[in-house]
>>> print(open('model.pdb').read())   # PDB, C-alpha atoms
ATOM      1  CA  MET G   1     -21.574   9.242  -4.379
ATOM      2  CA  ARG G   2     -22.866   6.138  -2.631
ATOM      3  CA  TRP G   3     -20.228   4.178  -4.532
ATOM      4  CA  LEU G   4     -17.472   6.237  -2.934
ATOM      5  CA  GLY G   5     -18.727   5.573   0.591
ATOM      6  CA  LEU G   6     -19.101   1.829   0.002
ATOM      7  CA  GLN G   7     -15.727   1.634  -1.702
ATOM      8  CA  THR G   8     -14.037   3.477   1.172
ATOM      9  CA  LEU G   9     -15.649   1.217   3.757
ATOM     10  CA  TYR G  10     -14.622  -1.878   1.791
ATOM     11  CA  VAL G  11     -11.036  -0.624   1.471
ATOM     12  CA  LEU G  12     -10.760   0.079   5.197
ATOM     13  CA  VAL G  13     -12.209  -3.306   6.204
ATOM     14  CA  VAL G  14      -9.940  -5.204   3.798
ATOM     15  CA  SER G  15      -6.952  -3.151   5.016
ATOM     16  CA  LEU G  16      -7.769  -3.969   8.636
ATOM     17  CA  VAL G  17      -8.222  -7.697   7.990
ATOM     18  CA  LEU G  18      -4.975  -7.944   6.046
ATOM     19  CA  ALA G  19      -3.100  -5.907   8.674
ATOM     20  CA  ILE G  20      -4.246  -8.495  11.228
ATOM     21  CA  ILE G  21      -2.966 -11.243   8.930
ATOM     22  CA  ALA G  22       0.346  -9.360   8.612
ATOM     23  CA  SER G  23       0.626  -9.335  12.398
ATOM     24  CA  GLY G  24       0.411 -13.122  12.141
ATOM     25  CA  ILE G  25       3.425 -12.973   9.842
ATOM     26  CA  ASP G  26       5.174 -11.065  12.636
ATOM     27  CA  GLY G  27       4.407 -13.912  15.042
ATOM     28  CA  PHE G  28       5.634 -16.435  12.486
ATOM     29  CA  ALA G  29       8.844 -14.411  12.066
ATOM     30  CA  SER G  30       9.360 -14.445  15.822
ATOM     31  CA  GLY G  31       9.304 -18.227  15.717
ATOM     32  CA  ARG G  32      11.869 -18.180  12.913
ATOM     33  CA  VAL G  33      14.172 -16.163  15.202
ATOM     34  CA  ASP G  34      13.696 -18.748  17.963
ATOM     35  CA  ASN G  35      14.636 -21.510  15.486
ATOM     36  CA  GLY G  36      17.769 -19.644  14.402
ATOM     37  CA  LEU G  37      16.505 -19.078  10.860
ATOM     38  CA  LEU G  38      16.258 -15.278  11.129
ATOM     39  CA  GLN G  39      18.678 -12.933  12.855
ATOM     40  CA  GLY G  40      17.237 -10.841  15.679
ATOM     41  CA  ALA G  41      18.243  -7.520  14.094
ATOM     42  CA  ARG G  42      16.505  -8.444  10.827
ATOM     43  CA  TYR G  43      13.422  -9.528  12.754
ATOM     44  CA  THR G  44      13.295  -6.128  14.459
ATOM     45  CA  LEU G  45      13.373  -4.352  11.091
ATOM     46  CA  LEU G  46      10.744  -6.701   9.658
ATOM     47  CA  SER G  47       8.521  -6.239  12.695
ATOM     48  CA  GLN G  48       8.814  -2.457  12.411
ATOM     49  CA  SER G  49       7.805  -2.633   8.735
ATOM     50  CA  ILE G  50       4.693  -4.665   9.568
ATOM     51  CA  VAL G  51       3.512  -1.793  11.768
ATOM     52  CA  TYR G  52       2.902   0.205   8.573
ATOM     53  CA  CYS G  53       0.866  -2.514   6.809
ATOM     54  CA  PHE G  54      -2.571  -0.990   7.424
ATOM     55  CA  GLY G  55      -1.405   2.413   6.235
ATOM     56  CA  VAL G  56       0.240   1.097   3.073
ATOM     57  CA  ILE G  57      -2.793  -0.965   2.070
ATOM     58  CA  SER G  58      -5.365   1.719   2.841
ATOM     59  CA  ILE G  59      -3.403   4.597   1.277
ATOM     60  CA  THR G  60      -2.696   2.559  -1.859
ATOM     61  CA  SER G  61      -6.327   1.466  -2.165
ATOM     62  CA  ILE G  62      -7.705   4.958  -1.629
ATOM     63  CA  SER G  63      -5.214   6.251  -4.213
ATOM     64  CA  LEU G  64      -6.541   3.642  -6.626
ATOM     65  CA  MET G  65     -10.046   4.982  -6.032
ATOM     66  CA  LEU G  66      -8.808   8.353  -7.267
ATOM     67  CA  VAL G  67      -7.212   6.599 -10.254
ATOM     68  CA  GLU G  68     -10.655   5.132 -11.011
ATOM     69  CA  VAL G  69     -12.237   8.568 -11.013
ATOM     70  CA  ALA G  70      -9.414  10.314 -12.883
ATOM     71  CA  PHE G  71      -9.036   7.731 -15.649
ATOM     72  CA  ARG G  72     -12.648   6.483 -15.798
ATOM     73  CA  LYS G  73     -11.648   2.845 -15.372
ATOM     74  CA  SER G  74     -13.441   0.717 -12.802
ATOM     75  CA  ILE G  75     -11.547  -1.497 -10.400
ATOM     76  CA  ASN G  76     -13.839  -4.134  -8.928
ATOM     77  CA  TYR G  77     -13.850  -5.450  -5.368
ATOM     78  CA  LEU G  78     -11.980  -8.625  -6.277
ATOM     79  CA  GLN G  79      -9.234  -6.600  -7.945
ATOM     80  CA  TYR G  80      -8.944  -4.353  -4.874
ATOM     81  CA  ALA G  81      -8.675  -7.454  -2.685
ATOM     82  CA  LEU G  82      -5.993  -8.976  -4.923
ATOM     83  CA  ILE G  83      -3.955  -5.766  -4.843
ATOM     84  CA  ALA G  84      -4.292  -5.627  -1.049
ATOM     85  CA  MET G  85      -3.208  -9.272  -0.793
ATOM     86  CA  ALA G  86      -0.146  -8.525  -2.929
ATOM     87  CA  LEU G  87       0.662  -5.666  -0.564
ATOM     88  CA  THR G  88       0.347  -8.038   2.408
ATOM     89  CA  LEU G  89       2.404 -10.741   0.711
ATOM     90  CA  PHE G  90       5.196  -8.149   0.644
ATOM     91  CA  TYR G  91       5.825  -8.880   4.347
ATOM     92  CA  LEU G  92       5.983 -12.656   3.941
ATOM     93  CA  LEU G  93       8.369 -12.291   0.998
ATOM     94  CA  LEU G  94      10.437  -9.839   3.027
ATOM     95  CA  LEU G  95      10.663 -12.382   5.842
ATOM     96  CA  ALA G  96      11.668 -15.177   3.477
ATOM     97  CA  LEU G  97      14.358 -13.143   1.720
ATOM     98  CA  SER G  98      15.623 -11.597   4.965
ATOM     99  CA  GLU G  99      16.523 -15.065   6.176
ATOM    100  CA  LYS G 100      18.968 -15.394   3.269
ATOM    101  CA  LEU G 101      20.009 -11.841   2.331
ATOM    102  CA  PRO G 102      20.755  -8.572   4.145
ATOM    103  CA  PHE G 103      17.569  -6.697   5.079
ATOM    104  CA  GLY G 104      18.172  -3.683   2.802
ATOM    105  CA  LEU G 105      18.737  -5.871  -0.254
ATOM    106  CA  SER G 106      15.726  -8.027   0.629
ATOM    107  CA  TYR G 107      13.598  -4.912   1.027
ATOM    108  CA  ALA G 108      14.676  -3.525  -2.362
ATOM    109  CA  ILE G 109      14.011  -6.822  -4.158
ATOM    110  CA  VAL G 110      10.578  -7.297  -2.595
ATOM    111  CA  CYS G 111       9.654  -3.657  -3.319
ATOM    112  CA  LEU G 112      10.527  -4.108  -6.988
ATOM    113  CA  MET G 113       8.579  -7.381  -7.137
ATOM    114  CA  THR G 114       5.487  -5.890  -5.481
ATOM    115  CA  ILE G 115       5.501  -2.617  -7.402
ATOM    116  CA  GLY G 116       6.093  -4.518 -10.652
ATOM    117  CA  LEU G 117       3.236  -6.950 -10.025
ATOM    118  CA  ILE G 118       0.743  -4.263  -9.048
ATOM    119  CA  SER G 119       1.830  -2.002 -11.927
ATOM    120  CA  TRP G 120       1.333  -4.855 -14.386
ATOM    121  CA  PHE G 121      -2.120  -5.519 -12.890
ATOM    122  CA  ILE G 122      -3.115  -1.831 -13.044
ATOM    123  CA  LYS G 123      -1.950  -1.745 -16.677
ATOM    124  CA  GLY G 124      -4.221  -4.690 -17.432
ATOM    125  CA  ILE G 125      -7.173  -3.077 -15.661
ATOM    126  CA  THR G 126      -6.861   0.487 -16.934
ATOM    127  CA  GLU G 127      -4.881   0.078 -20.164
ATOM    128  CA  ASN G 128      -3.478   3.511 -19.310
ATOM    129  CA  THR G 129       0.226   4.228 -18.896
ATOM    130  CA  LYS G 130      -0.401   7.370 -16.823
ATOM    131  CA  ALA G 131      -2.508   5.371 -14.350
ATOM    132  CA  VAL G 132       0.279   2.797 -14.076
ATOM    133  CA  ALA G 133       2.910   5.507 -13.536
ATOM    134  CA  LEU G 134       0.754   7.142 -10.861
ATOM    135  CA  ALA G 135       0.130   3.866  -9.019
ATOM    136  CA  ALA G 136       3.796   2.826  -9.262
ATOM    137  CA  GLY G 137       4.915   6.256  -8.080
ATOM    138  CA  ILE G 138       2.604   6.157  -5.074
ATOM    139  CA  LEU G 139       3.854   2.693  -4.130
ATOM    140  CA  ALA G 140       7.495   3.704  -4.571
ATOM    141  CA  VAL G 141       7.008   6.728  -2.304
ATOM    142  CA  GLU G 142       5.185   4.622   0.296
ATOM    143  CA  TYR G 143       7.860   1.933   0.391
ATOM    144  CA  ALA G 144      10.690   4.487   0.419
ATOM    145  CA  LEU G 145       9.049   6.350   3.286
ATOM    146  CA  MET G 146       8.460   3.111   5.170
ATOM    147  CA  PHE G 147      12.138   2.154   4.774
ATOM    148  CA  ILE G 148      13.225   5.580   6.001
ATOM    149  CA  LEU G 149      10.903   5.311   9.008
ATOM    150  CA  ILE G 150      12.241   1.850   9.848
ATOM    151  CA  MET G 151      15.793   3.162   9.778
ATOM    152  CA  LEU G 152      15.096   6.364  11.754
ATOM    153  CA  GLY G 153      14.370   4.673  15.063
ATOM    154  CA  SER G 154      13.379   7.281  17.669
ATOM    155  CA  MET G 155      12.628   9.962  15.039
ATOM    156  CA  ALA G 156      10.176   7.689  13.185
ATOM    157  CA  LEU G 157       7.109   8.888  15.101
ATOM    158  CA  LEU G 158       7.806  12.550  14.357
ATOM    159  CA  VAL G 159       8.718  12.033  10.701
ATOM    160  CA  GLY G 160       5.851   9.573  10.201
ATOM    161  CA  SER G 161       3.309  11.916  11.786
ATOM    162  CA  LEU G 162       4.501  14.845   9.682
ATOM    163  CA  SER G 163       4.396  12.641   6.573
ATOM    164  CA  LEU G 164       0.813  11.637   7.330
ATOM    165  CA  PHE G 165      -0.089  15.292   7.834
ATOM    166  CA  VAL G 166       1.354  16.150   4.401
ATOM    167  CA  LEU G 167      -0.451  13.163   2.870
ATOM    168  CA  ILE G 168      -3.791  14.229   4.363
ATOM    169  CA  ALA G 169      -3.185  17.790   3.113
ATOM    170  CA  LEU G 170      -2.472  16.457  -0.400
ATOM    171  CA  ALA G 171      -5.570  14.251  -0.290
ATOM    172  CA  MET G 172      -7.664  17.233   0.782
ATOM    173  CA  TYR G 173      -6.224  19.348  -2.016
ATOM    174  CA  PHE G 174      -6.848  16.743  -4.718
ATOM    175  CA  THR G 175     -10.344  15.921  -3.466
ATOM    176  CA  LEU G 176     -11.252  19.605  -3.758
ATOM    177  CA  LYS G 177     -11.174  18.943  -7.481
ATOM    178  CA  LEU G 178     -13.795  16.180  -7.163
ATOM    179  CA  LYS G 179     -17.199  17.314  -8.363
ATOM    180  CA  VAL G 180     -20.509  15.573  -8.909
ATOM    181  CA  GLU G 181     -21.942  16.142 -12.371
ATOM    182  CA  ASN G 182     -24.927  14.195 -13.690
ATOM    183  CA  ASN G 183     -24.722  11.872 -10.671
ATOM    184  CA  GLU G 184     -21.138  11.047 -11.625
ATOM    185  CA  LEU G 185     -17.947  11.842  -9.729
ATOM    186  CA  VAL G 186     -15.434  13.730 -11.893
ATOM    187  CA  ILE G 187     -12.154  15.548 -11.339
ATOM    188  CA  LYS G 188     -12.178  19.154 -12.537
TER     189      LYS G 188
END
>>> encode(input="model.pdb", output="structure tokens")
Amino acid sequence: MRWLGLQTLYVLVVSLVLAIIASGIDGFASGRVDNGLLQGARYTLLSQSIVYCFGVISITSISLMLVEVAFRKSINYLQYALIAMALTLFYLLLLALSEKLPFGLSYAIVCLMTIGLISWFIKGITENTKAVALAAGILAVEYALMFILIMLGSMALLVGSLSLFVLIALAMYFTLKLKVENNELVIK
């Protein structure tokens, strides 16, 4: 049980640090607009996506903790950090591609790159196709929801808040199945 508390704290700290780094990418993007390298409308969309960085990293990492428990495969701190860095690199890649391609196309390409990289990494760690499918599915839903929220404008707060409520409800439901047996966390 102590492992779960330490892991959660680590995930939240790494998510916070990388969200701060992502806000630096936002500042860098602003400079690219000033230099005429990025269109203002694309910058606005990019900036709105960066708002969700902390949530994407923390939700993905906490989901991976459940993958660890469900599939009995350990993910170490370095691997969590690398996955979180890949999730943060998403925003820099999105900026770079958005300078050359329409935002929607850039977003789709970077999503596929990020989901593919993390799925490949999870496959190497767990050697379990179901774990890979679960992780890829979670990422796909997160990125799809983030894109929808970016495009919704004034409705984003309502839809985002309701989405978080549903996510918390799902997390509560699935963690009801967590039990401690022989000092080990299992899903029953």
>>> atom_distance(input="model.pdb", atom1="atom CA of Val69 of chain G", atom2="atom CA of Ser161 of chain G")
27.8 Å
>>> closest_residue(input="model.pdb", among="G:Phe147, G:Tyr80, G:Phe121, G:Phe165", to="Thr8 of chain G", atoms="only C-alpha atoms")
G:Tyr80
>>> resolve_selection(input="model.pdb", expression="the PyMOL selection byres ((chain G and resi 128-136) around 8)", output="list in words")
Thr60, Ser63, Leu64, Val67, Phe71, Ile115, Gly116, Ile118, Ser119, Trp120, Ile122, Lys123, Thr126, Glu127, Gly137, Ile138, Leu139 and Ala140 of chain G
>>> write_last_selection(input="model.pdb", atoms="C-alpha atoms", output="CSV table (one decimal), in the coordinates of the input")
chain,number,residue,atom,x,y,z
G,60,THR,CA,-2.7,2.6,-1.9
G,63,SER,CA,-5.2,6.3,-4.2
G,64,LEU,CA,-6.5,3.6,-6.6
G,67,VAL,CA,-7.2,6.6,-10.3
G,71,PHE,CA,-9.0,7.7,-15.6
G,115,ILE,CA,5.5,-2.6,-7.4
G,116,GLY,CA,6.1,-4.5,-10.7
G,118,ILE,CA,0.7,-4.3,-9.0
G,119,SER,CA,1.8,-2.0,-11.9
G,120,TRP,CA,1.3,-4.9,-14.4
G,122,ILE,CA,-3.1,-1.8,-13.0
G,123,LYS,CA,-2.0,-1.7,-16.7
G,126,THR,CA,-6.9,0.5,-16.9
G,127,GLU,CA,-4.9,0.1,-20.2
G,137,GLY,CA,4.9,6.3,-8.1
G,138,ILE,CA,2.6,6.2,-5.1
G,139,LEU,CA,3.9,2.7,-4.1
G,140,ALA,CA,7.5,3.7,-4.6
>>> residues_around(input="model.pdb", residues="Met146 of chain G", least_positions_apart="5", cutoff="10 Å", atoms="all atoms listed in the file", output="PyMOL selection string")
chain G and resi 48-53+55-56+140-141+151-152+156+160
>>> closest_residue(input="model.pdb", among="G:Val33, G:Ile150, G:Leu4, G:Leu45", to="Leu66 of chain G", atoms="all atoms listed in the file")
G:Leu4
>>> closest_residue(input="model.pdb", among="G:Leu78, G:Ile187, G:Ile25, G:Val14", to="Ala96 of chain G", atoms="all atoms listed in the file")
G:Ile25
>>> closest_residue(input="model.pdb", among="G:Leu101, G:Ile62, G:Ile125, G:Leu92", to="Gln79 of chain G", atoms="all atoms listed in the file")
G:Ile125
>>> closest_residue(input="model.pdb", among="G:Met85, G:Gly31, G:Leu145, G:Tyr10", to="Leu167 of chain G", atoms="only C-alpha atoms")
G:Leu145
>>> residues_around(input="model.pdb", residues="Ala108 of chain G", least_positions_apart="2", cutoff="12 Å", atoms="all atoms listed in the file", output="list in words")
Phe90, Leu93, Leu94, Leu97, Ser98, Leu101, Pro102, Phe103, Gly104, Leu105, Ser106, Val110, Cys111, Leu112, Met113, Thr114, Ile115, Gly116, Ala140, Tyr143, Ala144, Met146 and Phe147 of chain G
